[in-house]
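Colleague: Compact mmCIF, C-alpha atoms, saved as start06.txt, coming up:
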# COMPACT_ATOMS: atom_id res chain seq x y z
CA MET C 1 0.45 21.00 -18.26
CA LYS C 2 -2.06 21.56 -21.05
CA GLU C 3 0.73 22.33 -23.55
CA ILE C 4 2.55 19.12 -22.66
CA VAL C 5 -0.62 17.05 -23.09
CA SER C 6 -1.41 18.53 -26.50
CA ASP C 7 2.04 17.62 -27.84
CA GLY C 8 2.24 13.82 -28.13
CA THR C 9 6.05 13.66 -28.31
CA GLN C 10 6.52 15.94 -25.35
CA LEU C 11 3.89 14.04 -23.38
CA CYS C 12 5.61 10.70 -24.03
CA GLU C 13 8.94 12.11 -22.82
CA TYR C 14 7.26 13.52 -19.75
CA LEU C 15 5.61 10.18 -18.97
CA LYS C 16 8.90 8.30 -19.34
CA GLY C 17 10.47 10.62 -16.80
CA MET C 18 7.50 10.10 -14.53
CA VAL C 19 7.73 6.29 -14.74
CA ILE C 20 11.45 6.38 -13.96
CA ASP C 21 11.08 8.83 -11.06
CA THR C 22 7.97 7.30 -9.51
CA LEU C 23 9.24 3.75 -9.60
CA LYS C 24 12.86 4.73 -8.90
CA LEU C 25 14.14 2.84 -11.95
CA GLU C 26 17.67 4.11 -11.44
CA ASP C 27 19.34 1.94 -14.08
CA ILE C 28 16.96 2.87 -16.90
CA THR C 29 17.10 6.02 -19.02
CA LYS C 30 14.32 7.65 -21.02
CA LYS C 31 16.07 6.63 -24.23
CA GLU C 32 15.77 2.97 -23.30
CA ILE C 33 12.00 3.12 -23.08
CA GLU C 34 10.37 2.73 -26.50
CA ASN C 35 7.03 4.48 -26.96
CA ASP C 36 5.29 1.28 -28.01
CA ALA C 37 7.11 -1.23 -25.79
CA PRO C 38 4.97 -2.96 -23.15
CA LEU C 39 5.44 -1.48 -19.69
CA PHE C 40 4.40 -4.65 -17.92
CA GLY C 41 5.61 -8.21 -18.10
CA ASP C 42 8.11 -8.76 -20.90
CA GLY C 43 8.67 -5.08 -21.57
CA LEU C 44 9.84 -2.85 -18.75
CA GLY C 45 8.80 -5.55 -16.30
CA LEU C 46 6.43 -3.49 -14.19
CA ASP C 47 3.79 -5.20 -12.06
CA SER C 48 0.33 -4.35 -10.73
CA ILE C 49 1.77 -2.75 -7.58
CA ASP C 50 3.95 -0.48 -9.72
CA ALA C 51 0.80 0.47 -11.62
CA LEU C 52 -0.85 1.55 -8.38
CA GLU C 53 2.09 3.86 -7.60
CA LEU C 54 2.00 5.26 -11.14
CA VAL C 55 -1.72 5.89 -11.01
CA VAL C 56 -1.28 8.19 -8.02
CA ALA C 57 1.49 10.15 -9.76
CA ILE C 58 -0.53 10.46 -12.98
CA GLU C 59 -3.76 11.44 -11.22
CA LYS C 60 -1.90 14.16 -9.32
CA ALA C 61 -0.04 15.50 -12.33
CA PHE C 62 -2.88 15.45 -14.84
CA ASP C 63 -5.96 15.64 -12.62
CA VAL C 64 -7.51 12.56 -14.22
CA VAL C 65 -9.16 9.51 -12.63
CA ILE C 66 -8.14 5.90 -13.21
CA GLU C 67 -10.65 3.77 -11.32
CA ASP C 68 -9.12 0.32 -11.23
CA GLU C 69 -6.79 -2.22 -12.74
CA ASN C 70 -9.14 -2.94 -15.67
CA VAL C 71 -8.87 0.64 -16.89
CA GLY C 72 -5.24 0.71 -15.85
CA LYS C 73 -4.28 -2.36 -17.87
CA THR C 74 -5.41 -0.77 -21.12
CA ALA C 75 -4.03 2.65 -20.28
CA PHE C 76 -0.66 1.33 -19.10
CA ALA C 77 -0.02 -1.01 -22.01
CA SER C 78 2.76 1.29 -23.27
CA ILE C 79 3.91 4.90 -23.02
CA GLU C 80 2.01 5.56 -26.25
CA THR C 81 -1.31 4.17 -24.96
CA LEU C 82 -0.85 6.05 -21.70
CA ALA C 83 -0.31 9.31 -23.60
CA THR C 84 -3.42 8.65 -25.71
CA PHE C 85 -5.42 7.83 -22.58
CA ILE C 86 -4.42 11.12 -20.93
CA GLN C 87 -5.16 13.09 -24.09
CA GLU C 88 -8.63 11.51 -24.30
CA MET C 89 -9.33 12.33 -20.66
CA TYR C 90 -8.29 15.93 -21.33
CA LYS C 91 -10.60 16.13 -24.32
CA ASP C 92 -13.54 15.14 -22.11
CA LYS C 93 -12.68 17.91 -19.68
CA SER C 94 -12.70 20.78 -22.14
CA MET T 1 -1.49 9.78 16.87
CA ARG T 2 -3.71 7.17 18.55
CA TRP T 3 -2.74 3.54 18.99
CA ILE T 4 -4.87 0.50 19.80
CA GLU T 5 -3.20 -1.74 22.36
CA ARG T 6 -3.50 -5.41 23.12
CA GLU T 7 -1.50 -7.64 25.40
CA GLU T 8 0.05 -11.01 24.62
CA ARG T 9 2.38 -13.31 26.44
CA VAL T 10 5.42 -14.89 24.83
CA ARG T 11 4.73 -18.64 24.82
CA PHE T 12 7.21 -21.48 25.18
CA ASN T 13 6.65 -22.52 21.59
CA GLU T 14 7.47 -19.01 20.37
CA VAL T 15 11.08 -18.87 21.55
CA ASP T 16 14.13 -20.15 19.72
CA GLU T 17 17.11 -22.18 20.84
CA TRP T 18 18.58 -19.10 22.53
CA GLY T 19 15.42 -18.50 24.56
CA MET T 20 14.46 -15.42 22.56
CA ALA T 21 11.15 -14.84 20.81
CA TRP T 22 11.65 -16.08 17.25
CA HIS T 23 11.66 -13.20 14.74
CA GLY T 24 8.80 -14.62 12.65
CA HIS T 25 6.36 -14.46 15.55
CA TYR T 26 6.48 -10.68 15.53
CA VAL T 27 4.56 -10.86 12.27
CA ALA T 28 1.84 -12.89 14.01
CA TRP T 29 1.76 -10.28 16.79
CA PHE T 30 1.40 -7.53 14.19
CA GLU T 31 -1.53 -9.48 12.80
CA ALA T 32 -3.13 -9.74 16.24
CA GLY T 33 -2.66 -6.00 16.70
CA ARG T 34 -4.13 -5.25 13.30
CA ILE T 35 -7.23 -7.32 14.06
CA SER T 36 -7.75 -5.36 17.28
CA LEU T 37 -7.67 -2.14 15.29
CA LEU T 38 -9.75 -3.34 12.34
CA GLU T 39 -12.55 -4.79 14.44
CA ARG T 40 -13.28 -1.38 15.95
CA PHE T 41 -14.10 -0.05 12.53
CA ASP T 42 -15.91 -3.07 11.10
CA LEU T 43 -13.02 -3.80 8.77
CA LEU T 44 -12.28 -7.39 9.77
CA PRO T 45 -11.31 -9.66 6.87
CA ARG T 46 -14.78 -11.24 6.69
CA GLN T 47 -16.39 -7.81 6.79
CA MET T 48 -14.17 -6.71 3.92
CA VAL T 49 -15.38 -9.75 2.00
CA GLU T 50 -18.98 -8.72 2.73
CA LEU T 51 -18.16 -5.36 1.16
CA GLY T 52 -16.72 -7.14 -1.87
CA TYR T 53 -13.00 -6.86 -1.20
CA ILE T 54 -9.98 -8.73 0.00
CA ALA T 55 -6.88 -6.92 1.24
CA PRO T 56 -3.66 -8.88 0.74
CA VAL T 57 -0.42 -7.64 2.30
CA ILE T 58 2.07 -6.46 -0.34
CA ASN T 59 4.78 -5.13 1.92
CA LEU T 60 5.96 -5.79 5.44
CA THR T 61 8.85 -4.32 7.39
CA CYS T 62 10.06 -5.05 10.88
CA GLU T 63 12.92 -3.54 12.85
CA TYR T 64 14.02 -5.50 15.87
CA LYS T 65 15.33 -3.51 18.83
CA HIS T 66 15.40 -5.87 21.80
CA SER T 67 14.48 -9.49 22.29
CA ALA T 68 11.60 -10.79 24.36
CA VAL T 69 11.91 -14.05 26.29
CA CYS T 70 9.47 -16.79 27.24
CA GLY T 71 6.83 -15.55 29.69
CA ASP T 72 7.28 -11.85 28.91
CA SER T 73 4.08 -9.86 28.72
CA ILE T 74 4.15 -7.68 25.65
CA ILE T 75 1.98 -4.82 24.46
CA ILE T 76 1.21 -4.66 20.75
CA ARG T 77 0.34 -1.13 19.63
CA THR T 78 -1.27 -0.62 16.24
CA THR T 79 -2.25 2.45 14.27
CA ALA T 80 -3.22 3.23 10.68
CA ILE T 81 -1.82 6.04 8.59
CA LYS T 82 -3.36 7.92 5.71
CA PRO T 83 -2.06 6.39 2.50
CA ASP T 84 -1.24 8.23 -0.74
CA ILE T 85 -2.55 5.29 -2.70
CA ALA T 86 -5.65 3.10 -2.38
CA ALA T 87 -4.05 1.00 0.31
CA LEU T 88 -4.26 0.22 3.99
CA ILE T 89 -1.09 1.04 5.91
CA CYS T 90 -0.74 -0.12 9.53
CA ARG T 91 2.14 0.67 11.86
CA PHE T 92 3.06 -1.42 14.85
CA GLU T 93 5.13 -1.17 17.99
CA ILE T 94 5.75 -4.05 20.33
CA ALA T 95 7.01 -3.24 23.82
CA LEU T 96 7.50 -4.98 27.15
CA ARG T 97 4.49 -4.35 29.37
CA ASP T 98 6.46 -3.92 32.57
CA ASN T 99 8.95 -1.22 31.58
CA GLY T 100 7.81 -0.09 28.13
CA LEU T 101 11.05 -1.20 26.47
CA LEU T 102 10.54 -1.12 22.69
CA LEU T 103 11.15 -4.56 21.20
CA ALA T 104 10.20 -4.01 17.58
CA ARG T 105 8.43 -1.69 15.23
CA GLY T 106 7.05 -2.39 11.81
CA GLU T 107 4.64 -1.59 9.04
CA THR T 108 2.37 -3.47 6.66
CA LYS T 109 0.84 -2.27 3.42
CA GLN T 110 -2.30 -3.90 1.97
CA VAL T 111 -3.96 -3.26 -1.35
CA LEU T 112 -7.63 -3.83 -2.11
CA LEU T 113 -8.80 -6.35 -4.67
CA THR T 114 -12.37 -6.95 -5.77
CA LYS T 115 -13.90 -10.45 -5.78
CA ASP T 116 -12.64 -11.03 -9.31
CA ARG T 117 -9.12 -10.03 -8.16
CA THR T 118 -9.05 -6.65 -9.82
CA MET T 119 -6.94 -4.16 -7.89
CA ILE T 120 -8.76 -0.92 -7.15
CA TYR T 121 -6.93 2.37 -7.47
CA ARG T 122 -9.51 4.46 -5.68
CA LEU T 123 -11.48 3.82 -2.52
CA SER T 124 -15.20 4.48 -2.70
CA GLY T 125 -18.48 3.78 -0.92
CA GLU T 126 -18.72 1.99 2.40
CA VAL T 127 -15.13 0.71 2.46
CA GLU T 128 -13.83 4.25 1.95
CA LYS T 129 -16.05 5.50 4.80
CA ARG T 130 -14.83 2.86 7.23
CA ILE T 131 -11.15 3.26 6.32
CA ALA T 132 -11.45 7.06 6.57
CA ALA T 133 -13.05 6.71 10.03
CA MET T 134 -10.17 4.49 11.15
CA VAL T 135 -7.47 6.73 9.72
CA ASP T 136 -9.08 9.84 11.24
CA TYR T 137 -9.35 8.16 14.61
CA CYS T 138 -5.70 7.11 14.47
CA ALA T 139 -4.59 10.59 13.43
CA GLY T 140 -6.29 12.12 16.48
CA GLU T 141 -4.64 13.19 19.72
What does this structure look like when you write it as structure tokens?
Modeller:
Amino acid sequence: MKEIVSDGTQLCEYLKGMVIDTLKLEDITKKEIENDAPLFGDGLGLDSIDALELVVAIEKAFDVVIEDENVGKTAFASIETLATFIQEMYKDKS
Amino acid sequence: MRWIEREERVRFNEVDEWGMAWHGHYVAWFEAGRISLLERFDLLPRQMVELGYIAPVINLTCEYKHSAVCGDSIIIRTTAIKPDIAALICRFEIALRDNGLLLARGETKQVLLTKDRTMIYRLSGEVEKRIAAMVDYCAGE
């Protein structure tokens, strides 16, 4: 997992797959998700309940902690911000 | 798995034109069952508020198996299951008291919001303790 996290492009692709799988977005492909497009509201249209599901998947996969919606809102703004968030958390660990 | 039971009686105002318990009332019976469970673990809605949280329902399912009629005594059985996410998941079964015939089963999922309506992703402190005690009790034999 460490190699994936250190490579921003790879991490973004991984996260897109995770969003699609976790939320069962069957009619959306990785290609359709832009790195900087908003995940919530106007973008991919996710809501706060989706975020809760995603948090569990991300915490399990990356062994990081996302306390609540306030942290989540910033982290989940887009695939890019999510990748940065995870990379920052990893930095703190090492 | 342990279940908390409570008994209710199907009232005249709870049946439809065909004499069967109206489907929406099962939700009210689930609620009654949930309160019976929650009060054992000091997790009643007002107690949640004292701890700084509210717990709105975000999902509810109900499968109907047989219909109850006016005057039937029913048993509402409620249990809680360990959630993957910071949520409260209750399961319900409603059966006829006299012969145990299963009338309906269902599930509700609640998330936890703080006073300022921020959803929490991780249980902690007193609320975590009480929910864990309830879930452990329900998981027992």
Colleague: Using only C-alpha atoms, I'd like a table of the residues in chain T that come within 10 Å of chain C; for each, show the closest atom pair and its distance in Å rounded to one decimal, ordered by chain and ascending number, as a Markdown table.
Modeller:
| residue | atom | partner | partner_atom | distance |
| --- | --- | --- | --- | --- |
| T:Ile58 | CA | C:Ile49 | CA | 8.1 |
| T:Asp84 | CA | C:Val56 | CA | 7.3 |
| T:Ile85 | CA | C:Val56 | CA | 6.2 |
| T:Ala86 | CA | C:Leu52 | CA | 7.8 |
| T:Ala87 | CA | C:Leu52 | CA | 9.3 |
| T:Val111 | CA | C:Ile49 | CA | 8.5 |
| T:Leu113 | CA | C:Glu69 | CA | 9.3 |
| T:Thr114 | CA | C:Asp68 | CA | 9.7 |
| T:Arg117 | CA | C:Glu69 | CA | 9.3 |
| T:Thr118 | CA | C:Glu69 | CA | 5.8 |
| T:Met119 | CA | C:Glu69 | CA | 5.2 |
| T:Ile120 | CA | C:Asp68 | CA | 4.3 |
| T:Tyr121 | CA | C:Asp68 | CA | 4.8 |
| T:Arg122 | CA | C:Glu67 | CA | 5.8 |
| T:Leu123 | CA | C:Glu67 | CA | 8.8 |
| T:Ser124 | CA | C:Glu67 | CA | 9.8 |
Colleague: For Pro38 of chain C, find every residue with an atom within 9 Å (counting all atoms listed in the file), except residues of its own chain fewer than 4 positions away, and show them as a VMD selection string.
Modeller: chain C and resid 34 42 to 45 76 to 79
Colleague: So that I can check the surroundings of Leu23 of chain C, please list as a PyMOL selection string every protein, DNA and RNA residue that reaches within 9 Å of it, counting only C-alpha atoms and ignoring chain neighbours fewer than 2 positions away.
Modeller: chain C and resi 18-21+25-26+50+53-54
Colleague: Calculate how many Å separate atom CA of Lys115 of chain T from atom CA of Gly52 of chain T, rounding to one decimal.
Modeller: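 So the two atoms, atom CA of Lys115 of chain T and atom CA of Gly52 of chain T, lie 5.8 Å apart.
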Colleague: Pick the closest to Ile89 of chain T from T:Val57, T:Pro45, T:Ala104, T:Ser67: which is it, counting only C-alpha atoms?
Modeller: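 Closest to Ile89 of chain T of all the choices is T:Val57.
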Colleague: Could you jot down the atom CA of Arg91 of chain T to atom CA of Thr79 of chain T separation for me, Å, one decimal place?
Modeller: 5.3 Å
Colleague: Just give me the residues with any atom within 8 Å of (-6.2, 12.8, -19.0), file coordinates, counting all atoms listed in the file, written as number ranges by chain.
Modeller: C: 62-65, 85-91
Colleague: Which one of T:Glu14, T:Glu107, T:Glu8, T:Asp42 sits closest to Glu128 of chain T if you count all atoms listed in the file?
Modeller: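 With all atoms listed in the file as the atom set, the closest residue is T:Asp42.
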Colleague: Go through T:Arg105, T:Arg9, T:Arg40, T:Arg46 and flag the residue nearest His66 of chain T, using all atoms listed in the file for the distances.
Modeller: T:Arg105
Colleague: With distances taken over all atoms listed in the file, which residue among C:Lys31, C:Lys24, C:Lys73, C:Lys93 lies nearest Cys12 of chain C?
Modeller: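 The answer is C:Lys31, which sits nearest to Cys12 of chain C.
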Colleague: Please measure the separation of atom CA of Cys62 of chain T and atom CA of Met20 of chain T, giving the value in Å to one decimal.
Modeller: 16.2 Å
Colleague: With all atoms listed in the file as the basis for distance, which of T:Val135, T:Asp16, T:Leu88, T:Ser73 is at the shortest distance from Ile54 of chain T?
Modeller: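 Between T:Val135, T:Asp16, T:Leu88, T:Ser73, the residue approaching Ile54 of chain T most closely is T:Leu88.
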Colleague: Quick one: residues within 12 Å of segment 97-102 of chain T, only C-alpha atoms, excluding same-chain residues fewer than 2 positions away - as a short mmCIF file (atom, residue, chain, number, x, y, z; two decimals) with C-alpha atoms, in the frame of the given file?
Modeller:
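File written: out-v1.cif
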data_model
loop_
_atom_site.label_atom_id
_atom_site.label_comp_id
_atom_site.auth_asym_id
_atom_site.auth_seq_id
_atom_site.Cartn_x
_atom_site.Cartn_y
_atom_site.Cartn_z
CA GLU T 5 -3.20 -1.74 22.36
CA ARG T 6 -3.50 -5.41 23.12
CA GLU T 7 -1.50 -7.64 25.40
CA GLU T 8 0.05 -11.01 24.62
CA ARG T 9 2.38 -13.31 26.44
CA VAL T 10 5.42 -14.89 24.83
CA GLU T 63 12.92 -3.54 12.85
CA TYR T 64 14.02 -5.50 15.87
CA LYS T 65 15.33 -3.51 18.83
CA HIS T 66 15.40 -5.87 21.80
CA SER T 67 14.48 -9.49 22.29
CA ALA T 68 11.60 -10.79 24.36
CA GLY T 71 6.83 -15.55 29.69
CA ASP T 72 7.28 -11.85 28.91
CA SER T 73 4.08 -9.86 28.72
CA ILE T 74 4.15 -7.68 25.65
CA ILE T 75 1.98 -4.82 24.46
CA ILE T 76 1.21 -4.66 20.75
CA ARG T 77 0.34 -1.13 19.63
CA PHE T 92 3.06 -1.42 14.85
CA GLU T 93 5.13 -1.17 17.99
CA ILE T 94 5.75 -4.05 20.33
CA ALA T 95 7.01 -3.24 23.82
CA ALA T 104 10.20 -4.01 17.58
CA ARG T 105 8.43 -1.69 15.23
CA GLY T 106 7.05 -2.39 11.81
#
Colleague: Return the single residue from T:Leu37, T:Ala133, T:Ala139, T:Val127 that is closest to Tyr53 of chain T, with distances computed using all atoms listed in the file.
Modeller: T:Val127
